[in-house]
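> My structure is below; once you've seen it, I'll send some questions.
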Amino acid sequence: MSRPPTTYWEYIRVEELLALQGGLEKTDEGLSNDEVLFITVHQIDELWFKLIVRELVAVRNLFAQPRVPEQSLASAVRGLRRIRLLFTQVAQHFQLMETMTTRDYLAFRDKLSPASGFQSAQLREIEILLGLEMRLRVPLGGEASYLDALKYPDGRESPASRRVARRLRDRPSLREAVEEWLHRTPIQGSRPSDPDDAATVRRFIEDYLRAHAAETERARTFAEHDGLRPEERTRLDERYASERASARRFLLAEDVEDPAMRARTSRVRAALVFIESYRELPLLAWPREVVDSIVAVEQASLIFRQRHARMVERVIGRRTGTGGSSGVDYLDQTALRYRVFPDVWAVRTLQLREAALPPLEQPELYGLVAEQTR
Ligand code: HEM
């Protein structure tokens, strides 16, 4: 027996959807256009968040495999590009909010209080899935943690708090999975399981640092000219010397206390430099796209945070948020601090011209071969 013909309104559930913008009154008939806009934009953005969560899970699952097939990297890049675009859409919607004046918003703002976007469980899921470290979280301003804010005011668990608790148990994060994958990158033909891997990686790092020192010296000579005052010249010298010292500290992971973690972090950072430096090698071309897409996702998420803060400043100024935070200041701090992939960004500071790179060893290992190497 054939099924009855599908209709658009049944498949998309149009009537159910259009009945959801009534807020506390459950019907939008008596609400102002501003309030219906406010509710609708939040709902649309929660739907975009839902899609971001789904894509993040899919990409995380690809990288969480013990061996990531080379051919699945294109799917990962597609997923990451979609996530970037979704963040861009959310940021775009803030323009719509800006069509509302401060007074228009104040007309219904009290109804919200003490609710806030701070209770968006899906944004928290996104942060957890990406791998945002707990120590980076900006406190809301009171004693309560971001997890407490997801509960009902009397402290009972809510659908939001349960959703986030479930996600906290869902490991690994994208950051952890990607780091694990990066750690397996063959560097100068050497894999972590090779007996002299540590020595090969260290040699690569030292070669790279030597090339980097020569390049910063070259940049310094270009920046220097006769018109510089002695103190300006000294400042310039110090700046380039500090770039060299930072490069060494970063690649040797001197900022990491635990020796085992330090060696691991150093190898991951060296892998990032290696992938970016020799990206023309067939086996590094897709990994390089992955790394670039990760930067694009993080950039879009930071722009979303900054854009939200500027919209908020325009609509409510610097007053306290309905959720009790300092408002714009709180939002600006999250935009500054919520970086999940700082190492991927940091590598940009160290990259060198192609002509200045140390010579590549065992290039034949990075050709397109039937056997998987990672
Ligand atoms: C007139 C419009 C809006 C105003 C005045 C506003 C204001 C604020 C303020 C002040 C906060 C900080 C927490 C607090 O103390 O309440 C906040 C957080 C938040 N808002 Fe908005 N918001 C608006 C629209 C939106 C829209 C359309 C979205 C849709 C995604 C959104 C999502 C969020 C999220 C997810 C947070 C939590 C951010 C975090 O903790 O990292 N907001 N909002």
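Residues in the structure tokens are numbered from 1 in each chain, the chains being A, B, ... in the order shown, and ligands are numbered from 1 in the order shown.
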Which residues come within 12 Å of A:Ser173, counting only C-alpha atoms, excluding same-chain residues fewer than 6 positions away, as a list in words?

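So, after excluding close chain neighbours, the residues are Val53, Leu56, Val57, Ala58, Val59, Arg60, Asn61, Leu62, Phe63, Ala64, Glu125, Ile126, Glu127, Ile128, Leu129, Leu130, Gly131, Leu132, Glu133, Arg167, Glu179, Glu180, Val340 and Phe341 of chain A.
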
> Contacts of stretch 94-110 of chain A at 7 Å or less, counting only C-alpha atoms, minus same-chain residues fewer than 6 places along, as a list in words?

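In the requested format, the answer is Asp34, Glu35, Phe38, His308, Met311, Val315 and Ile316 of chain A.
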
> Can you pull out every residue from stretch 34-196 of chain A that DSSP, working from the backbone, puts in alpha helix (DSSP H), and format the result as number ranges by chain?

A: 34-63, 73-97, 102-112, 121-130, 159-169, 174-183

> Give the residue list for ligand 1 at 7 Å, counting only C-alpha atoms and all ligand atoms, as number ranges by chain, sorted by chain and then by residue number.

A: 38, 41-42, 45-46, 90, 93-94, 97, 105, 116-120, 123, 140, 308, 312, 315-316, 320-328, 330-331, 334

> Using only C-alpha atoms, which protein or nucleic acid residues come within 10 Å of stretch 238-250 of chain A? Drop anything in the same chain fewer than 3 positions from it, and give the result as a ChimeraX atom specification.

/A:205-206,208-210,212-217,219-220,232-235,253-256,265-266,269-270,343,346-347,349-350

> Between atom CA of A:Pro230 and atom CA of A:Ala211, what is the distance, to one decimal in Å?

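Pair atom CA of A:Pro230 / atom CA of A:Ala211 returns 27.5 Å.
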
> Between A:Glu354, A:Glu176, A:Asp154, A:Glu25, single out the one closest to A:Tyr278, counting only C-alpha atoms.

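Of all the options, A:Glu354 lies closest to A:Tyr278.
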
> Pick the closest to A:Leu31 from A:Lys111, A:Met134, A:Arg279, A:Arg339: which is it, counting only C-alpha atoms?

A:Lys111

> Counting only C-alpha atoms, which residue out of A:Leu352, A:Val297, A:Ala223, A:Ala198 sits closest to A:Arg264?

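Of all the options, A:Ala198 lies closest to A:Arg264.
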
> Can you work out which one of A:Tyr8, A:Tyr146, A:Phe49, A:Phe274 has the shortest atom-to-atom distance to A:Ile187, counting only C-alpha atoms?

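So, comparing all the options, the nearest one is A:Phe274.
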
> Which one of A:Ala335, A:Ala121, A:Pro69, A:Gln362 sits closest to A:Ser158 if you count only C-alpha atoms?

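Smallest distance to A:Ser158 is found for A:Ala121.
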
> Kindly indicate which residue among A:Arg135, A:Arg169, A:Arg124, A:Arg218 lies nearest to A:Ala149, using only C-alpha atoms for the distances.

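Smallest distance to A:Ala149 is found for A:Arg124.
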
> For the atom pair atom CA of A:Asp28 and atom CA of A:Pro114, what is the interatomic distance in Å to one decimal place?

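Here the two named atoms are 21.3 Å from each other.
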
> Skip A:Glu55 itself and residues of its chain fewer than 4 positions away, then list as a list in words all residues within 7 Å of it, counting only C-alpha atoms.

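What passes the distance filter is Leu51, Val59, Gly79 and Ile83 of chain A.
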
> Hey, can you spit out that residue selection with N, CA, C and O atoms as a compact mmCIF listing (two decimals), in the first residue's frame?


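Everything below was put into part_16.txt:
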```txt
# COMPACT_ATOMS: atom_id res chain seq x y z
N LEU A 51 22.13 22.47 14.98
CA LEU A 51 22.88 21.94 13.83
C LEU A 51 24.39 21.96 14.11
O LEU A 51 25.11 21.04 13.71
N VAL A 59 32.03 15.42 13.46
CA VAL A 59 33.45 15.67 13.20
C VAL A 59 34.28 15.06 14.33
O VAL A 59 35.31 14.42 14.09
N GLY A 79 32.19 19.41 7.30
CA GLY A 79 31.47 19.63 8.57
C GLY A 79 31.94 20.91 9.25
O GLY A 79 31.13 21.73 9.70
N ILE A 83 29.93 24.39 10.16
CA ILE A 83 29.87 24.96 11.52
C ILE A 83 30.24 26.45 11.47
O ILE A 83 29.58 27.30 12.07
```

> Calculate how many Å separate atom CA of A:Leu252 from atom CA of A:Arg202, rounding to one decimal.

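These atoms are spaced 8.4 Å apart.
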